[in-house]
>>> print(open('query38.txt').read())   # compact mmCIF, C-alpha atoms
# COMPACT_ATOMS: atom_id res chain seq x y z
CA MET A 23 62.09 64.61 30.44
CA ARG A 24 61.47 68.34 30.79
CA SER A 25 60.19 70.65 28.11
CA ALA A 26 62.58 73.41 27.14
CA LYS A 27 59.67 75.84 27.45
CA ASP A 28 59.52 75.16 31.18
CA PHE A 29 63.20 75.80 31.87
CA PHE A 30 62.63 79.41 32.94
CA ALA A 31 59.45 78.73 34.90
CA PRO A 32 59.69 79.17 38.71
CA LEU A 33 60.01 75.86 40.55
CA ALA A 34 57.58 76.92 43.29
CA VAL A 35 54.36 78.90 43.31
CA GLY A 36 55.18 82.47 44.25
CA ALA A 37 58.92 82.16 43.65
CA PRO A 38 60.59 84.88 41.53
CA ALA A 39 61.07 84.22 37.83
CA PRO A 40 64.50 82.78 37.00
CA VAL A 41 67.00 85.04 35.29
CA ARG A 42 67.44 84.56 31.55
CA GLU A 43 70.94 86.03 31.53
CA VAL A 44 73.46 86.07 34.36
CA PRO A 45 74.30 89.68 35.26
CA ALA A 46 77.80 90.69 34.15
CA ARG A 47 79.05 92.04 37.47
CA PRO A 48 82.80 92.33 38.11
CA SER A 49 84.02 89.63 40.46
CA ARG A 50 87.79 89.69 40.24
CA ALA A 51 88.30 88.60 43.86
CA LEU A 52 85.93 86.39 45.83
CA HIS A 53 87.17 87.22 49.32
CA PHE A 54 86.44 84.52 51.88
CA PHE A 55 85.84 85.36 55.53
CA ASP A 56 84.72 83.38 58.57
CA PRO A 57 81.53 85.05 59.83
CA GLY A 58 81.93 83.31 63.18
CA ASN A 59 85.30 84.96 63.77
CA PRO A 60 84.66 88.31 65.53
CA LYS A 61 87.85 89.91 64.19
CA MET A 62 87.04 88.95 60.59
CA ALA A 63 83.39 89.92 60.97
CA ALA A 64 84.32 93.36 62.27
CA LYS A 65 86.35 94.08 59.13
CA VAL A 66 83.52 93.34 56.69
CA PRO A 67 81.89 96.81 56.63
CA ASP A 68 85.24 98.47 55.88
CA MET A 69 85.86 96.10 52.95
CA VAL A 70 82.65 97.06 51.16
CA GLY A 71 83.57 98.83 47.93
CA LYS A 72 87.18 97.62 48.14
CA VAL A 73 86.53 94.08 46.89
CA ASP A 74 84.11 92.84 44.24
CA VAL A 75 82.71 89.93 46.29
CA LEU A 76 82.57 89.30 50.02
CA LEU A 77 81.88 85.63 50.72
CA GLY A 78 80.87 84.32 54.12
CA ASN A 79 82.29 80.82 54.42
CA LEU A 80 80.30 78.17 56.33
CA GLU A 81 82.04 75.05 55.02
CA ASP A 82 85.74 74.07 55.12
CA ALA A 83 87.92 75.99 57.59
CA VAL A 84 84.94 76.26 59.98
CA LYS A 85 85.12 73.61 62.71
CA ALA A 86 82.07 71.43 63.36
CA GLU A 87 81.49 72.99 66.77
CA ASN A 88 81.52 76.47 65.22
CA LYS A 89 79.06 75.84 62.37
CA GLU A 90 76.04 77.35 64.11
CA THR A 91 78.04 80.32 65.34
CA ALA A 92 79.29 81.01 61.82
CA ARG A 93 75.76 80.76 60.40
CA ALA A 94 74.39 83.14 63.02
CA GLY A 95 77.28 85.51 62.39
CA LEU A 96 76.54 85.54 58.67
CA VAL A 97 72.91 86.40 59.33
CA LYS A 98 73.96 89.28 61.58
CA ILE A 99 76.42 90.61 58.99
CA GLY A 100 73.85 90.33 56.21
CA GLN A 101 71.20 92.16 58.20
CA GLU A 102 73.44 94.96 59.43
CA THR A 103 75.64 95.65 56.38
CA ASP A 104 74.91 97.80 53.35
CA PHE A 105 76.99 96.08 50.67
CA GLY A 106 76.57 98.81 48.05
CA PRO A 107 78.55 97.86 44.91
CA THR A 108 80.05 94.76 46.54
CA GLN A 109 78.36 91.43 45.96
CA PHE A 110 77.45 89.28 48.99
CA TRP A 111 77.94 85.52 48.59
CA THR A 112 78.09 82.55 50.91
CA ARG A 113 79.51 79.04 50.67
CA ILE A 114 77.14 76.60 52.34
CA ASN A 115 78.13 73.23 53.73
CA SER A 116 78.31 70.23 51.43
CA LEU A 117 75.07 68.51 50.49
CA ASP A 118 76.01 65.35 52.37
CA SER A 119 76.63 67.23 55.64
CA PRO A 120 74.26 67.56 58.62
CA TRP A 121 74.40 71.37 58.42
CA VAL A 122 73.40 72.24 54.87
CA LEU A 123 69.63 72.12 55.28
CA ASP A 124 69.80 74.48 58.25
CA ASP A 125 72.11 76.73 56.23
CA LEU A 126 69.48 77.13 53.51
CA THR A 127 66.39 77.33 55.72
CA THR A 128 68.06 79.92 57.97
CA LEU A 129 69.83 82.14 55.44
CA VAL A 130 67.16 82.54 52.77
CA PRO A 131 64.35 83.82 55.03
CA ALA A 132 66.73 85.99 57.09
CA ILE A 133 69.03 87.54 54.46
CA GLY A 134 67.87 86.18 51.11
CA ASP A 135 67.22 89.72 49.92
CA LYS A 136 70.93 90.48 50.45
CA LEU A 137 72.49 87.28 49.13
CA ASP A 138 73.53 87.40 45.49
CA VAL A 139 74.98 83.92 45.13
CA ILE A 140 75.11 80.66 47.09
CA MET A 141 78.22 78.61 46.45
CA VAL A 142 77.67 74.85 46.58
CA PRO A 143 80.74 72.70 47.32
CA LYS A 144 81.64 69.28 45.91
CA VAL A 145 78.98 69.28 43.19
CA GLN A 146 78.87 65.85 41.55
CA GLY A 147 76.22 66.29 38.87
CA ALA A 148 73.06 68.06 37.78
CA GLU A 149 71.06 66.32 40.52
CA ASP A 150 72.88 68.35 43.17
CA ILE A 151 71.95 71.60 41.45
CA HIS A 152 68.34 70.44 40.98
CA TYR A 153 68.10 69.74 44.73
CA VAL A 154 69.33 73.19 45.75
CA ASP A 155 67.30 74.85 42.97
CA ARG A 156 64.00 73.42 44.21
CA ILE A 157 64.65 74.23 47.86
CA LEU A 158 65.68 77.79 47.04
CA ALA A 159 62.49 78.32 45.03
CA GLN A 160 60.34 77.10 47.92
CA LEU A 161 62.18 79.24 50.45
CA GLU A 162 62.13 82.32 48.19
CA ALA A 163 58.37 81.95 47.71
CA LYS A 164 57.80 81.61 51.45
CA ALA A 165 60.02 84.63 52.19
CA GLY A 166 58.42 86.75 49.47
CA LEU A 167 61.68 87.43 47.68
CA THR A 168 61.44 89.28 44.38
CA ARG A 169 64.70 88.13 42.79
CA PRO A 170 66.22 84.66 42.63
CA ILE A 171 69.43 83.78 44.44
CA LEU A 172 71.98 82.41 41.99
CA ILE A 173 74.01 79.20 42.39
CA HIS A 174 77.76 78.78 41.98
CA ALA A 175 79.22 75.25 41.89
CA ILE A 176 82.69 74.17 42.95
CA LEU A 177 84.46 71.48 40.91
CA GLU A 178 86.13 69.35 43.59
CA THR A 179 85.63 65.79 42.37
CA ALA A 180 86.53 63.79 39.27
CA ARG A 181 82.85 63.02 38.78
CA GLY A 182 82.00 66.71 38.90
CA VAL A 183 84.56 67.45 36.19
CA ALA A 184 83.25 64.56 34.10
CA ASN A 185 79.70 65.97 34.42
CA ILE A 186 80.68 69.59 33.94
CA GLU A 187 78.43 70.36 30.97
CA GLU A 188 75.29 69.02 32.63
CA ILE A 189 76.12 70.92 35.82
CA CYS A 190 76.39 74.18 33.86
CA ALA A 191 73.06 73.47 32.14
CA ALA A 192 71.19 72.27 35.24
CA SER A 193 69.41 75.51 36.15
CA PRO A 194 68.95 79.12 35.05
CA ARG A 195 70.24 79.98 38.52
CA MET A 196 73.75 78.85 37.55
CA GLN A 197 76.11 81.80 37.95
CA GLY A 198 79.43 80.06 37.46
CA LEU A 199 81.98 77.44 38.46
CA SER A 200 85.13 77.49 40.56
CA LEU A 201 88.06 75.12 40.48
CA GLY A 202 88.58 73.46 43.89
CA PRO A 203 92.13 72.13 43.44
CA ALA A 204 92.77 70.62 46.88
CA ASP A 205 89.72 68.37 47.12
CA LEU A 206 89.94 67.60 43.40
CA ALA A 207 93.57 66.53 43.79
CA ALA A 208 92.61 64.16 46.60
CA ASP A 209 89.66 62.73 44.67
CA ARG A 210 91.83 62.17 41.58
CA ARG A 211 94.58 60.63 43.72
CA MET A 212 97.04 63.23 42.49
CA LYS A 213 100.34 63.18 44.34
CA THR A 214 100.43 66.77 45.52
CA THR A 215 99.59 68.22 48.92
CA ARG A 216 99.54 71.82 47.74
CA VAL A 217 96.39 73.96 47.64
CA GLY A 218 96.43 75.17 44.05
CA GLY A 219 99.44 76.25 42.08
CA GLY A 220 102.03 74.12 40.34
CA HIS A 221 104.41 71.44 41.52
CA PRO A 222 108.16 71.29 40.79
CA GLY A 223 107.89 67.59 39.99
CA TYR A 224 105.41 68.16 37.17
CA LEU A 225 107.83 69.21 34.43
CA VAL A 226 109.32 68.63 31.02
CA ARG A 227 113.07 68.33 30.48
CA ALA A 228 115.17 69.46 27.54
CA ASP A 229 116.74 66.76 25.38
CA ALA A 230 120.17 65.54 26.39
CA PRO A 231 122.92 67.37 24.48
CA LYS A 232 125.52 65.70 22.28
CA ASN A 233 129.27 66.02 22.67
CA ALA A 234 131.74 66.87 19.91
CA SER A 235 131.76 63.22 18.82
CA GLY A 236 128.01 63.16 18.44
CA GLU A 237 127.42 61.00 21.51
CA THR A 238 124.40 61.80 23.67
CA GLN A 239 125.35 63.00 27.14
CA TYR A 240 122.49 61.69 29.28
CA ASP A 241 124.20 62.71 32.49
CA ALA A 242 124.64 66.34 31.41
CA GLU A 243 122.74 69.11 33.15
CA ARG A 244 119.50 69.86 31.31
CA THR A 245 116.99 72.68 31.58
CA THR A 246 113.59 71.83 33.06
CA TYR A 247 110.29 73.69 32.76
CA GLN A 248 107.57 73.39 35.41
CA GLN A 249 104.13 72.65 33.96
CA ASP A 250 100.61 73.64 35.06
CA LEU A 251 98.77 70.82 36.83
CA TRP A 252 95.42 72.54 36.30
CA HIS A 253 95.58 73.62 32.67
CA TYR A 254 93.29 70.89 31.35
CA THR A 255 90.65 71.34 34.04
CA ILE A 256 90.59 75.13 33.82
CA ALA A 257 90.34 75.02 30.02
CA ARG A 258 87.48 72.52 30.20
CA MET A 259 85.73 74.63 32.83
CA VAL A 260 86.10 77.79 30.72
CA ASP A 261 84.64 76.06 27.65
CA ALA A 262 81.66 74.70 29.57
CA CYS A 263 80.93 78.06 31.19
CA ALA A 264 81.25 79.96 27.89
CA MET A 265 78.88 77.50 26.22
CA HIS A 266 76.22 78.08 28.88
CA GLY A 267 76.69 81.82 29.44
CA ILE A 268 78.05 81.57 32.98
CA TYR A 269 81.40 82.49 34.56
CA PRO A 270 84.56 80.48 35.41
CA TYR A 271 86.83 81.21 38.39
CA TYR A 272 90.15 79.96 39.69
CA GLY A 273 89.84 78.76 43.27
CA PRO A 274 92.23 79.11 46.22
CA PHE A 275 95.99 79.60 46.14
CA GLY A 276 97.06 78.30 49.53
CA ASP A 277 100.59 79.69 49.87
CA ILE A 278 99.70 83.15 51.15
CA THR A 279 103.33 84.28 51.40
CA ASP A 280 104.24 83.40 47.80
CA VAL A 281 102.61 86.38 46.12
CA VAL A 282 104.70 85.93 42.95
CA ALA A 283 103.48 82.39 42.27
CA CYS A 284 99.94 83.43 43.23
CA GLU A 285 100.00 86.20 40.65
CA ASP A 286 101.35 83.82 38.01
CA GLN A 287 98.59 81.29 38.68
CA PHE A 288 95.89 83.97 38.64
CA ARG A 289 97.25 85.37 35.37
CA ASN A 290 97.24 81.94 33.74
CA ALA A 291 93.58 81.59 34.69
CA PHE A 292 92.80 85.11 33.42
CA LEU A 293 94.45 84.47 30.06
CA LEU A 294 92.53 81.21 29.67
CA GLY A 295 89.20 82.99 30.26
CA CYS A 296 88.51 83.03 34.00
CA VAL A 297 86.92 86.21 35.34
CA GLY A 298 88.23 86.04 38.91
CA ALA A 299 89.79 83.98 41.69
CA TRP A 300 89.36 83.30 45.37
CA SER A 301 91.09 85.44 47.96
CA LEU A 302 92.07 83.84 51.26
CA HIS A 303 93.95 86.87 52.59
CA PRO A 304 93.59 90.63 51.94
CA LYS A 305 96.94 90.70 50.10
CA GLN A 306 95.43 88.38 47.46
CA ILE A 307 92.63 90.89 46.78
CA ALA A 308 95.14 93.35 45.34
CA ILE A 309 96.69 90.60 43.23
CA ALA A 310 93.33 89.49 41.83
CA ASN A 311 92.19 93.06 41.16
CA ARG A 312 95.39 93.76 39.24
CA VAL A 313 95.53 90.50 37.29
CA PHE A 314 91.86 90.28 36.31
CA SER A 315 91.75 93.89 35.12
CA PRO A 316 92.97 94.47 31.54
CA SER A 317 96.18 96.48 31.46
CA VAL A 318 96.23 99.96 29.96
CA GLU A 319 98.48 98.61 27.20
CA ASP A 320 96.00 95.86 26.33
CA VAL A 321 93.02 98.22 26.32
CA THR A 322 94.96 100.73 24.19
CA HIS A 323 95.78 98.07 21.62
CA ALA A 324 92.21 96.75 21.63
CA ARG A 325 90.77 100.20 20.97
CA ARG A 326 93.27 100.82 18.18
CA VAL A 327 92.28 97.58 16.47
CA ILE A 328 88.57 98.35 16.77
CA ALA A 329 89.11 101.85 15.39
CA ALA A 330 91.27 100.61 12.53
CA MET A 331 88.82 97.88 11.50
CA GLY A 332 85.88 100.23 11.04
CA ASP A 333 82.85 98.05 10.33
CA GLY A 334 84.75 94.95 11.47
CA THR A 335 85.04 93.30 8.07
CA GLY A 336 88.14 92.66 5.98
CA ALA A 337 91.67 92.91 7.34
CA VAL A 338 94.21 95.62 8.14
CA MET A 339 97.90 95.74 9.03
CA LEU A 340 98.63 97.37 12.40
CA ASP A 341 102.20 97.55 13.75
CA GLY A 342 103.21 94.91 11.24
CA LYS A 343 100.53 92.44 12.35
CA MET A 344 97.39 91.38 10.52
CA GLU A 345 94.12 92.18 12.27
CA ASP A 346 90.77 90.87 11.04
CA ASP A 347 87.23 90.21 12.26
CA ALA A 348 88.46 87.61 14.78
CA SER A 349 90.88 90.21 16.16
CA VAL A 350 88.01 92.66 16.61
CA LYS A 351 86.01 90.09 18.57
CA GLN A 352 88.97 89.46 20.87
CA CYS A 353 89.46 93.19 21.36
CA GLN A 354 85.77 93.75 22.07
CA VAL A 355 86.02 91.27 24.95
CA MET A 356 88.89 93.29 26.42
CA VAL A 357 87.18 96.66 25.99
CA ALA A 358 83.85 95.44 27.38
CA LEU A 359 85.59 94.14 30.52
CA ALA A 360 87.46 97.42 30.92
CA GLU A 361 84.20 99.36 30.74
CA GLU A 362 82.54 97.11 33.33
CA LEU A 363 85.44 97.54 35.73
CA ALA A 364 85.74 101.29 35.15
CA ALA A 365 82.14 101.63 36.32
CA ILE A 366 83.09 100.42 39.82
CA ASP A 367 86.81 101.25 40.09
CA PRO A 368 87.65 105.00 39.96
CA GLU A 369 91.39 104.42 39.59
CA LEU A 370 90.91 102.10 36.63
CA LYS A 371 88.45 104.53 35.07
CA LYS A 372 91.02 107.31 35.35
CA SER A 373 93.66 105.13 33.66
CA TYR A 374 91.36 103.93 30.90
CA ASP A 375 89.94 107.40 30.23
CA ALA A 376 93.44 108.72 29.63
CA ILE A 377 94.06 106.30 26.77
CA GLN A 378 94.56 108.03 23.43
CA VAL A 379 93.89 106.40 20.08
CA ASP A 380 95.22 108.19 16.97
CA GLY A 381 95.73 111.37 18.94
CA GLU A 382 92.23 111.44 20.39
CA VAL A 383 91.09 110.54 23.89
CA ALA A 384 89.27 107.18 23.50
>>> encode(input="query38.txt", output="structure tokens")
Amino acid sequence: MRSAKDFFAPLAVGAPAPVREVPARPSRALHFFDPGNPKMAAKVPDMVGKVDVLLGNLEDAVKAENKETARAGLVKIGQETDFGPTQFWTRINSLDSPWVLDDLTTLVPAIGDKLDVIMVPKVQGAEDIHYVDRILAQLEAKAGLTRPILIHAILETARGVANIEEICAASPRMQGLSLGPADLAADRRMKTTRVGGGHPGYLVRADAPKNASGETQYDAERTTYQQDLWHYTIARMVDACAMHGIYPYYGPFGDITDVVACEDQFRNAFLLGCVGAWSLHPKQIAIANRVFSPSVEDVTHARRVIAAMGDGTGAVMLDGKMEDDASVKQCQVMVALAEELAAIDPELKKSYDAIQVDGEVA
């Protein structure tokens, strides 16, 4: 057992003190790039300030023979790039791979002062987080780092989902969780080969109609409605993250050309409580930035409710709808997010600043 008093104590002598609250930094799009690909690497400096998170990927999509090249490329990018307002993350190789230890022992001493978050794939339980937590503390102490690198876990196995609460609570380094739908689908033995998104076979069908004689016409055409394969998992992930003060994210949407379905999936995740999603192509950055930013209409309504409620107690009628203290709390979430995003996005700030409430500029 471990005393609660020791939870925020450094795990190595000389390591920086763990954070007591995860910084609320906008991360609408986590844009993945292959640091071993010269064309992708060359674009990184120009993307600074245009995306909330740039993430150098060392795991899936990087061939075994290119692992060392990708790692070296990430070090070079980290050392030569001023990331300014953009966060710098990496996804290391899985903990059962032959590359992960070299990932950690190379990256932390070389660019640990630049790395904000290390994403750990295929997390099964708290023991995986404890392993990375201890190694990071030792490496940070040796490198003389003054701030801890945070950990982000990917839910890609049934066991990981089953252990989600203990994963969230495993370390003060925990920054958040991402849904990894492809690996999770395989581990669950789901019958889909898609990377994220829905499936036309997962549906509900309207009841069969009756004819004039009252007989049920089972062979008649009936309307169908496609369902969300990931609703349960995302909702569970959001609850676990909210409970532990960390952040939930939707993972990859693999059909790059289907921007409509991508936007729908991202919006579902946003409405459920996710703060961002992965971007596998630059066109998905724009989708994520749009979807995970509150609309002007939503911010306008939220500010009107807050203004109408005064001290937040009681209830008022606004546009024919009842608003009470629960409404205010919902609206405060929306307004707080808008303010965070306005601080880094000039176009959003311009739109939000133009909002008028009761004739006054809000």
>>> residues_near_point(input="query38.txt", point="(76.7, 80.3, 52.3)", cutoff="12 Å", atoms="all atoms listed in the file", output="count of residues only")
52
>>> closest_residue(input="query38.txt", among="A:Asp135, A:Asp74, A:Asp118, A:Asp28", to="Ala308 of chain A", atoms="only C-alpha atoms")
A:Asp74
>>> atom_distance(input="query38.txt", atom1="atom CA of Gln352 of chain A", atom2="atom CA of Ala324 of chain A")
8.0 Å
>>> residues_around(input="query38.txt", residues="segment 35-46 of chain A", least_positions_apart="2", cutoff="8 Å", atoms="all atoms listed in the file", output="compact mmCIF listing (two decimals) with C-alpha atoms, keeping the file's coordinate frame")
# COMPACT_ATOMS: atom_id res chain seq x y z
CA PHE A 30 62.63 79.41 32.94
CA ALA A 31 59.45 78.73 34.90
CA PRO A 32 59.69 79.17 38.71
CA LEU A 33 60.01 75.86 40.55
CA PRO A 48 82.80 92.33 38.11
CA ALA A 159 62.49 78.32 45.03
CA GLN A 160 60.34 77.10 47.92
CA GLU A 162 62.13 82.32 48.19
CA ALA A 163 58.37 81.95 47.71
CA LYS A 164 57.80 81.61 51.45
CA GLY A 166 58.42 86.75 49.47
CA LEU A 167 61.68 87.43 47.68
CA THR A 168 61.44 89.28 44.38
CA ARG A 169 64.70 88.13 42.79
CA PRO A 170 66.22 84.66 42.63
CA PRO A 194 68.95 79.12 35.05
CA ARG A 195 70.24 79.98 38.52
CA MET A 196 73.75 78.85 37.55
CA GLN A 197 76.11 81.80 37.95
CA GLY A 267 76.69 81.82 29.44
CA ILE A 268 78.05 81.57 32.98
>>> residues_around(input="query38.txt", residues="Ala360 of chain A", least_positions_apart="5", cutoff="8 Å", atoms="only C-alpha atoms", output="PyMOL selection string")
chain A and resi 315-316+321+374
>>> write_last_selection(input="query38.txt", atoms="C-alpha atoms", output="PDB file, keeping the file's coordinate frame")
ATOM      1  CA  SER A 315      91.750  93.890  35.120  1.00  0.00           C
ATOM      2  CA  PRO A 316      92.970  94.470  31.540  1.00  0.00           C
ATOM      3  CA  VAL A 321      93.020  98.220  26.320  1.00  0.00           C
ATOM      4  CA  TYR A 374      91.360 103.930  30.900  1.00  0.00           C
TER       5      TYR A 374
END
>>> closest_residue(input="query38.txt", among="A:Thr108, A:Thr255, A:Ser119, A:Thr245", to="Ala180 of chain A", atoms="all atoms listed in the file")
A:Thr255
>>> residues_near_point(input="query38.txt", point="(98.9, 83.8, 36.5)", cutoff="12 Å", atoms="all atoms listed in the file", output="PyMOL selection string")
chain A and resi 218-220+250+252-253+272+275+281-296+298-299+309-310+312-314
>>> closest_residue(input="query38.txt", among="A:Lys144, A:Val226, A:Arg210, A:Gly198", to="Thr246 of chain A", atoms="all atoms listed in the file")
A:Val226
>>> closest_residue(input="query38.txt", among="A:Ala191, A:Ala165, A:Ile256, A:Ile278", to="Pro203 of chain A", atoms="all atoms listed in the file")
A:Ile256
>>> residues_around(input="query38.txt", residues="Val338 of chain A", least_positions_apart="3", cutoff="12 Å", atoms="all atoms listed in the file", output="list of chain:residue names")
A:Arg326, A:Val327, A:Ile328, A:Ala329, A:Ala330, A:Met331, A:Gly332, A:Asp333, A:Gly334, A:Thr335, A:Asp341, A:Gly342, A:Lys343, A:Met344, A:Glu345, A:Asp346, A:Asp347, A:Ala348, A:Ser349, A:Val350
>>> atom_distance(input="query38.txt", atom1="atom CA of Ser25 of chain A", atom2="atom CA of His152 of chain A")
15.2 Å
>>> atom_distance(input="query38.txt", atom1="atom CA of Ala364 of chain A", atom2="atom CA of Tyr269 of chain A")
19.3 Å
>>> closest_residue(input="query38.txt", among="A:Thr103, A:Arg47, A:Gly273, A:Ile151", to="Glu361 of chain A", atoms="all atoms listed in the file")
A:Arg47
>>> closest_residue(input="query38.txt", among="A:Glu188, A:Asp277, A:Glu149, A:Asp367", to="Ser301 of chain A", atoms="all atoms listed in the file")
A:Asp277
>>> residues_around(input="query38.txt", residues="segment 183-186 of chain A", least_positions_apart="2", cutoff="10 Å", atoms="all atoms listed in the file", output="VMD selection string")
chain A and resid 145 to 148 175 to 181 188 to 192 199 201 206 255 258 to 259 261 to 263
>>> residues_around(input="query38.txt", residues="Thr214 of chain A", least_positions_apart="6", cutoff="10 Å", atoms="only C-alpha atoms", output="list in words")
Ala204, Ala207, Ala208, Gly220, His221, Gly223, Tyr224 and Leu251 of chain A
>>> build_atoms(input="query38.txt", residues="segment 210-223 of chain A", atoms="N, CA, C and O atoms", output="PDB file, keeping the file's coordinate frame")
ATOM      1  N   ARG A 210      91.148  62.750  42.758  1.00  0.00           N
ATOM      2  CA  ARG A 210      91.830  62.170  41.580  1.00  0.00           C
ATOM      3  C   ARG A 210      93.026  61.307  41.969  1.00  0.00           C
ATOM      4  O   ARG A 210      93.650  60.700  41.118  1.00  0.00           O
ATOM      5  N   ARG A 211      93.388  61.316  43.244  1.00  0.00           N
ATOM      6  CA  ARG A 211      94.580  60.630  43.720  1.00  0.00           C
ATOM      7  C   ARG A 211      95.847  61.234  43.129  1.00  0.00           C
ATOM      8  O   ARG A 211      96.831  60.527  42.846  1.00  0.00           O
ATOM      9  N   MET A 212      95.832  62.541  42.929  1.00  0.00           N
ATOM     10  CA  MET A 212      97.040  63.230  42.490  1.00  0.00           C
ATOM     11  C   MET A 212      98.036  63.248  43.637  1.00  0.00           C
ATOM     12  O   MET A 212      97.649  63.249  44.806  1.00  0.00           O
ATOM     13  N   LYS A 213      99.309  63.264  43.318  1.00  0.00           N
ATOM     14  CA  LYS A 213     100.340  63.180  44.340  1.00  0.00           C
ATOM     15  C   LYS A 213     100.910  64.558  44.648  1.00  0.00           C
ATOM     16  O   LYS A 213     102.096  64.834  44.489  1.00  0.00           O
ATOM     17  N   THR A 214     100.023  65.434  45.087  1.00  0.00           N
ATOM     18  CA  THR A 214     100.430  66.770  45.520  1.00  0.00           C
ATOM     19  C   THR A 214      99.639  67.129  46.756  1.00  0.00           C
ATOM     20  O   THR A 214      98.450  66.801  46.857  1.00  0.00           O
ATOM     21  N   THR A 215     100.282  67.776  47.708  1.00  0.00           N
ATOM     22  CA  THR A 215      99.590  68.220  48.920  1.00  0.00           C
ATOM     23  C   THR A 215      99.446  69.730  48.949  1.00  0.00           C
ATOM     24  O   THR A 215      99.104  70.307  49.977  1.00  0.00           O
ATOM     25  N   ARG A 216      99.665  70.371  47.818  1.00  0.00           N
ATOM     26  CA  ARG A 216      99.540  71.820  47.740  1.00  0.00           C
ATOM     27  C   ARG A 216      98.084  72.222  47.487  1.00  0.00           C
ATOM     28  O   ARG A 216      97.318  71.450  46.917  1.00  0.00           O
ATOM     29  N   VAL A 217      97.725  73.431  47.909  1.00  0.00           N
ATOM     30  CA  VAL A 217      96.390  73.960  47.640  1.00  0.00           C
ATOM     31  C   VAL A 217      96.504  74.909  46.457  1.00  0.00           C
ATOM     32  O   VAL A 217      96.809  76.091  46.596  1.00  0.00           O
ATOM     33  N   GLY A 218      96.284  74.373  45.264  1.00  0.00           N
ATOM     34  CA  GLY A 218      96.430  75.170  44.050  1.00  0.00           C
ATOM     35  C   GLY A 218      97.885  75.352  43.677  1.00  0.00           C
ATOM     36  O   GLY A 218      98.800  74.923  44.381  1.00  0.00           O
ATOM     37  N   GLY A 219      98.083  76.000  42.539  1.00  0.00           N
ATOM     38  CA  GLY A 219      99.440  76.250  42.080  1.00  0.00           C
ATOM     39  C   GLY A 219     100.076  75.025  41.441  1.00  0.00           C
ATOM     40  O   GLY A 219      99.468  73.964  41.333  1.00  0.00           O
ATOM     41  N   GLY A 220     101.316  75.182  41.015  1.00  0.00           N
ATOM     42  CA  GLY A 220     102.030  74.120  40.340  1.00  0.00           C
ATOM     43  C   GLY A 220     102.765  73.211  41.299  1.00  0.00           C
ATOM     44  O   GLY A 220     102.608  73.289  42.520  1.00  0.00           O
ATOM     45  N   HIS A 221     103.592  72.351  40.727  1.00  0.00           N
ATOM     46  CA  HIS A 221     104.410  71.440  41.520  1.00  0.00           C
ATOM     47  C   HIS A 221     105.737  71.264  40.778  1.00  0.00           C
ATOM     48  O   HIS A 221     105.734  71.010  39.574  1.00  0.00           O
ATOM     49  N   PRO A 222     106.858  71.372  41.484  1.00  0.00           N
ATOM     50  CA  PRO A 222     108.160  71.290  40.790  1.00  0.00           C
ATOM     51  C   PRO A 222     108.423  69.933  40.146  1.00  0.00           C
ATOM     52  O   PRO A 222     109.255  69.826  39.246  1.00  0.00           O
ATOM     53  N   GLY A 223     107.688  68.902  40.583  1.00  0.00           N
ATOM     54  CA  GLY A 223     107.890  67.590  39.990  1.00  0.00           C
ATOM     55  C   GLY A 223     107.144  67.378  38.695  1.00  0.00           C
ATOM     56  O   GLY A 223     107.417  66.424  37.957  1.00  0.00           O
TER      57      GLY A 223
END
